[in-house]
There are 2 protein chains.
Amino acid sequence: MTIEGLSINLATVREQFDFAQAVDHCLAQGIRAIAPWRDQVAQIGLDAAARIVESNAIQVTGLCRGGMFPAGDPARRAAAIDDNRRAVDEAAALGADCLVLVVGGLPEGSHDIAAAREMVADGIAALLPYAKANGVPLAIEPLHPMYAADRACVNTLEQALDICDLLGDGIGVAVDVYHTWWDPKLEEQIARAGRDGRIFAHHICDWLVPTRDLLLDRGMMGDGVIDLRRIRASIEAAGYKGPQEVEIFSSQNWWKRPGGEVLSTCIERFNTVC
Amino acid sequence: MTIEGLSINLATVREQFDFAQAVDHCLAQGIRAIAPWRDQVAQIGLDAAARIVESNAIQVTGLCRGGMFPAGDPARRAAAIDDNRRAVDEAAALGADCLVLVVGGLPEGSHDIAAAREMVADGIAALLPYAKANGVPLAIEPLHPMYAADRACVNTLEQALDICDLLGDGIGVAVDVYHTWWDPKLEEQIARAGRDGRIFAHHICDWLVPTRDLLLDRGMMGDGVIDLRRIRASIEAAGYKGPQEVEIFSSQNWWKRPGGEVLSTCIERFNTVC
């Protein structure tokens, strides 16, 4: 049996499984779509990872992650773009639906978020031709504003789409409910993204109350306050037909449970609350 | 000597001082503007607090806080509005420049943030005539999106100003750099707020990297990444001429230091980085 429409971002079971183990466990439970992180691919080797993907006809809903463009000097910004080209190569080798971009925050010591945002737009502009030449769509993932300083200074869907509009085709967005659920303009901007064909990925998890850690306390779908069905309906109405990708960082709960249990819980919640 | 343009939100020294002690220490250091919380006023009594304010010619830049409008049933929503009317009375008695509204998050068990936002707009609409009759401006404080679930479902200045536009005069915003610094539309929306005469308060502190707690790890101005001078310039260009109000919740640092040291540090940073 195949669970249609469900993808597992392998960060969700990163403490339990390496790439090959994660794929085996996903397949055993009928999950045929994944999104790995670059370190997980590097650990097993790109060729080996690509063979596993191809031989099992697995859909790779995204490679995490490119980005991290801002830096205090031009040499380091150029190095970041070089690293992003390698990420494009890896996404192409895996046949990934997109390369997810976590764009980066403020350079160390900087107080100038506007300048960091310029560096992001410049970095993506420099990367985009290479990505298009290699057939890899770039997906800007707006991150929650609580990560503006240290992870991503693109913090709303509207802002991400404004960057896309500057850059043309081959660039879109990954809509993660964790980062965007609070946004009063979410539905409006999802519709905008759909009109322009820019929704490349849809990540799900839940926002817990209380949230005990800014980074590693994401919830399983159904355990928090996000109206997952409403957001899914908006995204589907906007034309996105790909899988929902479960991405949960949970140092105190899900990363401590057996990986098979985590995957079966993802399936159960996907079937009941998403 | 008076420190012109500086106000201390008394939450900044709530672990060290009660209302009267806080005022004494502020005056001793030349600070003649404060913003108390309702529990701090209640502890000493409203009449006593009002006498201290009046006899010392202290500016009260705001009373914290009204709001918390959403609730799961009409009776509790009505009770919230009643409580807000009492907050208006207290703000009037203290001669406060505004009553700060932290509007509230999702009712328990709710996943419907759109409905909570309707309850907020309805609640403010119900309160506003009473506030106007008593000469108390209402200041919606958009809170950082990380508080959308449990403290305030108004999370951007744009959203707050959209509510103000619906309601007319007597209602504006408190612009807190902690909640808004990340917003790509911040300068545009500050200008909008200024055009409509809706900036009633300007709160300052800093965003630390890393931030270790969602609620109680705010930084002293200069210790984080916020471009305080740029935001101040935007707010002043938009016509706001009132004090900058320092509001720091810091359970592991500033709340553990002697209150006089905290106040002198506020003054030093106000003079050097704000």
# chains A, B, ... in the order shown; residues from 1 in each chain; ligands from 1
>>> residues_around(residues="segment 67-71 of chain A", least_positions_apart="4", cutoff="8 Å", atoms="only C-alpha atoms", output="list of chain:residue names")
A:Arg76, A:Arg77, A:Ala80, A:Ile81, A:Asn84, A:Val100, A:Leu101, A:Val102, A:Val103, A:Gly104, A:Gly105, A:Leu106, A:Pro107, A:Glu108, A:Ala116, A:Arg117, A:Met119, A:Val120, A:Gly123, A:Ile124, A:Arg151, A:Ala152
>>> write_last_selection(atoms="N, CA and C atoms", output="PDB file, in the first residue's frame")
ATOM      1  N   ARG A  76      33.200  35.674   1.293  1.00  0.00           N
ATOM      2  CA  ARG A  76      32.336  34.686   1.933  1.00  0.00           C
ATOM      3  C   ARG A  76      30.966  34.621   1.255  1.00  0.00           C
ATOM      4  N   ARG A  77      30.512  35.728   0.712  1.00  0.00           N
ATOM      5  CA  ARG A  77      29.255  35.655  -0.042  1.00  0.00           C
ATOM      6  C   ARG A  77      29.452  34.821  -1.308  1.00  0.00           C
ATOM      7  N   ALA A  80      29.478  31.219  -0.415  1.00  0.00           N
ATOM      8  CA  ALA A  80      28.122  30.710  -0.164  1.00  0.00           C
ATOM      9  C   ALA A  80      27.433  30.356  -1.478  1.00  0.00           C
ATOM     10  N   ILE A  81      27.644  31.178  -2.493  1.00  0.00           N
ATOM     11  CA  ILE A  81      27.019  30.879  -3.790  1.00  0.00           C
ATOM     12  C   ILE A  81      27.629  29.617  -4.390  1.00  0.00           C
ATOM     13  N   ASN A  84      26.045  26.786  -2.754  1.00  0.00           N
ATOM     14  CA  ASN A  84      24.689  26.597  -3.269  1.00  0.00           C
ATOM     15  C   ASN A  84      24.695  25.920  -4.641  1.00  0.00           C
ATOM     16  N   VAL A 100      15.395  23.610  -1.406  1.00  0.00           N
ATOM     17  CA  VAL A 100      14.823  24.534  -0.421  1.00  0.00           C
ATOM     18  C   VAL A 100      15.902  25.519   0.028  1.00  0.00           C
ATOM     19  N   LEU A 101      15.555  26.801   0.018  1.00  0.00           N
ATOM     20  CA  LEU A 101      16.492  27.844   0.424  1.00  0.00           C
ATOM     21  C   LEU A 101      16.100  28.428   1.774  1.00  0.00           C
ATOM     22  N   VAL A 102      16.931  28.187   2.760  1.00  0.00           N
ATOM     23  CA  VAL A 102      16.850  28.914   4.035  1.00  0.00           C
ATOM     24  C   VAL A 102      17.888  30.015   3.898  1.00  0.00           C
ATOM     25  N   VAL A 103      17.415  31.243   3.753  1.00  0.00           N
ATOM     26  CA  VAL A 103      18.226  32.258   3.082  1.00  0.00           C
ATOM     27  C   VAL A 103      19.359  32.829   3.925  1.00  0.00           C
ATOM     28  N   GLY A 104      19.296  32.636   5.250  1.00  0.00           N
ATOM     29  CA  GLY A 104      20.329  33.205   6.113  1.00  0.00           C
ATOM     30  C   GLY A 104      19.847  34.461   6.825  1.00  0.00           C
ATOM     31  N   GLY A 105      20.515  34.760   7.936  1.00  0.00           N
ATOM     32  CA  GLY A 105      20.131  35.907   8.749  1.00  0.00           C
ATOM     33  C   GLY A 105      21.125  37.045   8.628  1.00  0.00           C
ATOM     34  N   LEU A 106      21.374  37.696   9.733  1.00  0.00           N
ATOM     35  CA  LEU A 106      22.304  38.825   9.744  1.00  0.00           C
ATOM     36  C   LEU A 106      23.746  38.319   9.796  1.00  0.00           C
ATOM     37  N   PRO A 107      24.639  38.911   9.027  1.00  0.00           N
ATOM     38  CA  PRO A 107      26.062  38.606   9.238  1.00  0.00           C
ATOM     39  C   PRO A 107      26.449  38.938  10.678  1.00  0.00           C
ATOM     40  N   GLU A 108      27.460  38.261  11.178  1.00  0.00           N
ATOM     41  CA  GLU A 108      27.868  38.470  12.565  1.00  0.00           C
ATOM     42  C   GLU A 108      28.210  39.940  12.800  1.00  0.00           C
ATOM     43  N   ALA A 116      21.057  42.715   4.779  1.00  0.00           N
ATOM     44  CA  ALA A 116      21.057  41.247   4.684  1.00  0.00           C
ATOM     45  C   ALA A 116      20.049  40.790   3.633  1.00  0.00           C
ATOM     46  N   ARG A 117      18.917  41.463   3.606  1.00  0.00           N
ATOM     47  CA  ARG A 117      17.893  41.088   2.619  1.00  0.00           C
ATOM     48  C   ARG A 117      18.364  41.373   1.192  1.00  0.00           C
ATOM     49  N   MET A 119      21.476  41.147   0.290  1.00  0.00           N
ATOM     50  CA  MET A 119      22.424  40.068   0.007  1.00  0.00           C
ATOM     51  C   MET A 119      21.695  38.794  -0.398  1.00  0.00           C
ATOM     52  N   VAL A 120      20.558  38.553   0.215  1.00  0.00           N
ATOM     53  CA  VAL A 120      19.769  37.373  -0.141  1.00  0.00           C
ATOM     54  C   VAL A 120      19.283  37.467  -1.582  1.00  0.00           C
ATOM     55  N   GLY A 123      22.176  37.044  -3.874  1.00  0.00           N
ATOM     56  CA  GLY A 123      22.669  35.669  -3.882  1.00  0.00           C
ATOM     57  C   GLY A 123      21.775  34.751  -4.704  1.00  0.00           C
ATOM     58  N   ILE A 124      20.476  34.890  -4.509  1.00  0.00           N
ATOM     59  CA  ILE A 124      19.564  34.038  -5.285  1.00  0.00           C
ATOM     60  C   ILE A 124      19.664  34.384  -6.772  1.00  0.00           C
ATOM     61  N   ARG A 151      18.779  32.811  11.149  1.00  0.00           N
ATOM     62  CA  ARG A 151      18.560  31.746  10.161  1.00  0.00           C
ATOM     63  C   ARG A 151      18.022  32.244   8.827  1.00  0.00           C
ATOM     64  N   ALA A 152      17.045  33.110   8.870  1.00  0.00           N
ATOM     65  CA  ALA A 152      16.469  33.567   7.603  1.00  0.00           C
ATOM     66  C   ALA A 152      15.820  34.926   7.794  1.00  0.00           C
TER      67      ALA A 152
END
>>> closest_atom_pairs(of="chain B", to="chain A", cutoff="10 Å", atoms="only C-alpha atoms", output="CSV")
residue,atom,partner,partner_atom,distance
B:Leu106,CA,A:Val225,CA,8.2
B:Glu108,CA,A:Val225,CA,9.4
B:Gly109,CA,A:Val225,CA,7.7
B:Ser110,CA,A:Val225,CA,6.8
B:His111,CA,A:Val225,CA,4.8
B:Asp112,CA,A:Asp227,CA,6.5
B:Ile113,CA,A:Trp182,CA,7.6
B:Ala114,CA,A:Pro184,CA,8.0
B:Arg117,CA,A:Pro184,CA,9.1
B:His144,CA,A:Pro145,CA,7.7
B:Pro145,CA,A:Trp182,CA,6.3
B:Met146,CA,A:Met146,CA,6.7
B:Tyr147,CA,A:Trp182,CA,9.1
B:Ala148,CA,A:Trp182,CA,6.1
B:Ala149,CA,A:Val209,CA,7.1
B:Asp150,CA,A:Val209,CA,7.1
B:Cys153,CA,A:Trp182,CA,7.5
B:Val154,CA,A:Pro184,CA,8.2
B:Asn155,CA,A:Asp183,CA,7.7
B:Thr156,CA,A:Pro184,CA,8.4
B:Glu158,CA,A:Pro184,CA,9.5
B:Gln159,CA,A:Pro184,CA,7.1
B:His179,CA,A:Pro145,CA,9.3
B:Thr180,CA,A:Pro145,CA,9.2
B:Trp181,CA,A:Ile113,CA,8.8
B:Trp182,CA,A:Ala148,CA,6.1
B:Asp183,CA,A:Asn155,CA,7.7
B:Pro184,CA,A:Gln159,CA,7.1
B:Lys185,CA,A:Gln159,CA,8.8
B:Trp207,CA,A:Ala149,CA,8.3
B:Leu208,CA,A:Ala149,CA,8.7
B:Val209,CA,A:Asp150,CA,7.1
B:Pro210,CA,A:Asp150,CA,7.9
B:Thr211,CA,A:Leu214,CA,7.8
B:Arg212,CA,A:Asp213,CA,7.4
B:Asp213,CA,A:Asp213,CA,6.8
B:Leu214,CA,A:Leu214,CA,6.8
B:Leu215,CA,A:Arg212,CA,9.9
B:Gly222,CA,A:His111,CA,9.9
B:Gly224,CA,A:His111,CA,8.2
B:Val225,CA,A:His111,CA,4.8
B:Ile226,CA,A:His111,CA,5.7
B:Asp227,CA,A:His111,CA,5.2
B:Leu228,CA,A:His111,CA,8.8
B:Arg230,CA,A:Asp112,CA,9.3
>>> residues_around(residues="Glu261 of chain B", least_positions_apart="6", cutoff="12 Å", atoms="only C-alpha atoms", output="MDAnalysis selection string")
chainID B and resid 12:13 16 25:26 29 253:255 267:268
>>> closest_residue(among="A:Arg32, A:His203, A:Lys256, A:Arg198", to="Met221 of chain A", atoms="only C-alpha atoms")
A:His203
>>> residues_around(residues="Ser250 of chain A", least_positions_apart="6", cutoff="6 Å", atoms="only C-alpha atoms", output="list in words")
Leu216, Asp217 and Arg218 of chain A
>>> select_by_dssp(residues="segment 50-199 of chain A", states="strand (DSSP E)", output="PDB file with C-alpha atoms, in the first residue's frame")
ATOM      1  CA  GLN A  59       9.793  11.096  -5.005  1.00  0.00           C
ATOM      2  CA  VAL A  60      12.186  13.615  -3.475  1.00  0.00           C
ATOM      3  CA  LEU A  63      16.540  18.853  -0.807  1.00  0.00           C
ATOM      4  CA  CYS A  64      17.272  20.772   2.390  1.00  0.00           C
ATOM      5  CA  ARG A  65      18.943  23.098   2.102  1.00  0.00           C
ATOM      6  CA  GLY A  66      20.621  25.845   0.157  1.00  0.00           C
ATOM      7  CA  GLY A  67      20.693  29.461   1.180  1.00  0.00           C
ATOM      8  CA  LEU A  99      16.148  22.949  -3.603  1.00  0.00           C
ATOM      9  CA  VAL A 100      14.823  24.534  -0.421  1.00  0.00           C
ATOM     10  CA  LEU A 101      16.492  27.844   0.424  1.00  0.00           C
ATOM     11  CA  VAL A 102      16.850  28.914   4.035  1.00  0.00           C
ATOM     12  CA  LEU A 138      14.605  27.012  -6.141  1.00  0.00           C
ATOM     13  CA  ALA A 139      12.121  27.248  -3.280  1.00  0.00           C
ATOM     14  CA  ILE A 140      12.535  30.138  -0.872  1.00  0.00           C
ATOM     15  CA  ILE A 171      12.053  30.394  -8.348  1.00  0.00           C
ATOM     16  CA  GLY A 172       9.148  29.852  -5.949  1.00  0.00           C
ATOM     17  CA  VAL A 173       8.365  29.117  -2.329  1.00  0.00           C
ATOM     18  CA  ALA A 174       8.135  26.317   0.195  1.00  0.00           C
ATOM     19  CA  VAL A 175       5.119  27.008   2.402  1.00  0.00           C
ATOM     20  CA  ASP A 176       5.742  25.598   5.865  1.00  0.00           C
ATOM     21  CA  ILE A 199       4.277  26.838  -4.758  1.00  0.00           C
TER      22      ILE A 199
END
>>> atom_distance(atom1="atom CA of Glu245 of chain A", atom2="atom CA of Ile204 of chain A")
5.9 Å
>>> closest_residue(among="B:Gly45, B:Pro258, B:Gly5, B:Gly170", to="Ile31 of chain B", atoms="only C-alpha atoms")
B:Gly5
>>> atom_distance(atom1="atom CA of Asp206 of chain B", atom2="atom CA of Val177 of chain B")
7.4 Å
>>> residues_around(residues="segment 33-40 of chain A", least_positions_apart="5", cutoff="10 Å", atoms="only C-alpha atoms", output="NGL selection string")
:A and (2-12 or 14 or 17-20 or 22-23 or 26-27 or 45-46 or 49 or 53 or 57-66 or 87 or 90-91 or 94 or 96-100 or 243-247)
>>> write_last_selection(atoms="C-alpha atoms", output="mmCIF file, in the first residue's frame")
data_model
loop_
_atom_site.group_PDB
_atom_site.id
_atom_site.type_symbol
_atom_site.label_atom_id
_atom_site.label_comp_id
_atom_site.auth_asym_id
_atom_site.auth_seq_id
_atom_site.Cartn_x
_atom_site.Cartn_y
_atom_site.Cartn_z
ATOM 1 C CA THR A 2 1.227 3.481 -0.799
ATOM 2 C CA ILE A 3 0.340 6.476 1.337
ATOM 3 C CA GLU A 4 -0.463 8.978 -1.375
ATOM 4 C CA GLY A 5 0.322 12.623 -0.737
ATOM 5 C CA LEU A 6 2.627 12.190 2.251
ATOM 6 C CA SER A 7 6.338 12.938 2.263
ATOM 7 C CA ILE A 8 8.725 12.651 5.192
ATOM 8 C CA ASN A 9 11.400 15.248 5.645
ATOM 9 C CA LEU A 10 14.200 13.127 7.017
ATOM 10 C CA ALA A 11 15.014 15.658 9.728
ATOM 11 C CA THR A 12 11.927 14.218 11.408
ATOM 12 C CA ARG A 14 17.375 12.253 11.956
ATOM 13 C CA PHE A 17 17.902 6.750 11.130
ATOM 14 C CA ASP A 18 20.530 7.418 8.516
ATOM 15 C CA PHE A 19 19.410 7.971 4.920
ATOM 16 C CA ALA A 20 19.174 4.304 3.934
ATOM 17 C CA ALA A 22 14.991 6.120 6.855
ATOM 18 C CA VAL A 23 14.102 5.105 3.300
ATOM 19 C CA CYS A 26 9.381 4.778 4.977
ATOM 20 C CA LEU A 27 8.919 2.156 2.270
ATOM 21 C CA GLY A 45 27.367 9.543 -0.387
ATOM 22 C CA LEU A 46 25.484 11.270 -3.174
ATOM 23 C CA ALA A 49 21.630 8.125 -2.127
ATOM 24 C CA VAL A 53 16.041 6.987 -4.732
ATOM 25 C CA ALA A 57 11.127 5.169 -7.544
ATOM 26 C CA ILE A 58 11.028 7.538 -4.596
ATOM 27 C CA GLN A 59 9.793 11.096 -5.005
ATOM 28 C CA VAL A 60 12.186 13.615 -3.475
ATOM 29 C CA THR A 61 9.946 16.536 -2.560
ATOM 30 C CA GLY A 62 12.914 18.749 -1.808
ATOM 31 C CA LEU A 63 16.540 18.853 -0.807
ATOM 32 C CA CYS A 64 17.272 20.772 2.390
ATOM 33 C CA ARG A 65 18.943 23.098 2.102
ATOM 34 C CA GLY A 66 20.621 25.845 0.157
ATOM 35 C CA ALA A 87 23.533 21.927 -3.511
ATOM 36 C CA GLU A 90 22.988 17.321 -5.431
ATOM 37 C CA ALA A 91 19.327 18.199 -5.922
ATOM 38 C CA LEU A 94 18.519 13.154 -6.572
ATOM 39 C CA ALA A 96 14.494 16.610 -6.239
ATOM 40 C CA ASP A 97 11.371 18.641 -6.900
ATOM 41 C CA CYS A 98 13.186 21.701 -5.560
ATOM 42 C CA LEU A 99 16.148 22.949 -3.603
ATOM 43 C CA VAL A 100 14.823 24.534 -0.421
ATOM 44 C CA PRO A 243 2.675 15.827 -1.211
ATOM 45 C CA GLN A 244 2.526 17.383 2.216
ATOM 46 C CA GLU A 245 5.979 16.993 3.728
ATOM 47 C CA VAL A 246 6.244 16.366 7.456
ATOM 48 C CA GLU A 247 9.165 18.229 9.001
#
>>> atom_distance(atom1="atom CA of Pro142 of chain B", atom2="atom CA of Arg195 of chain A")
29.9 Å
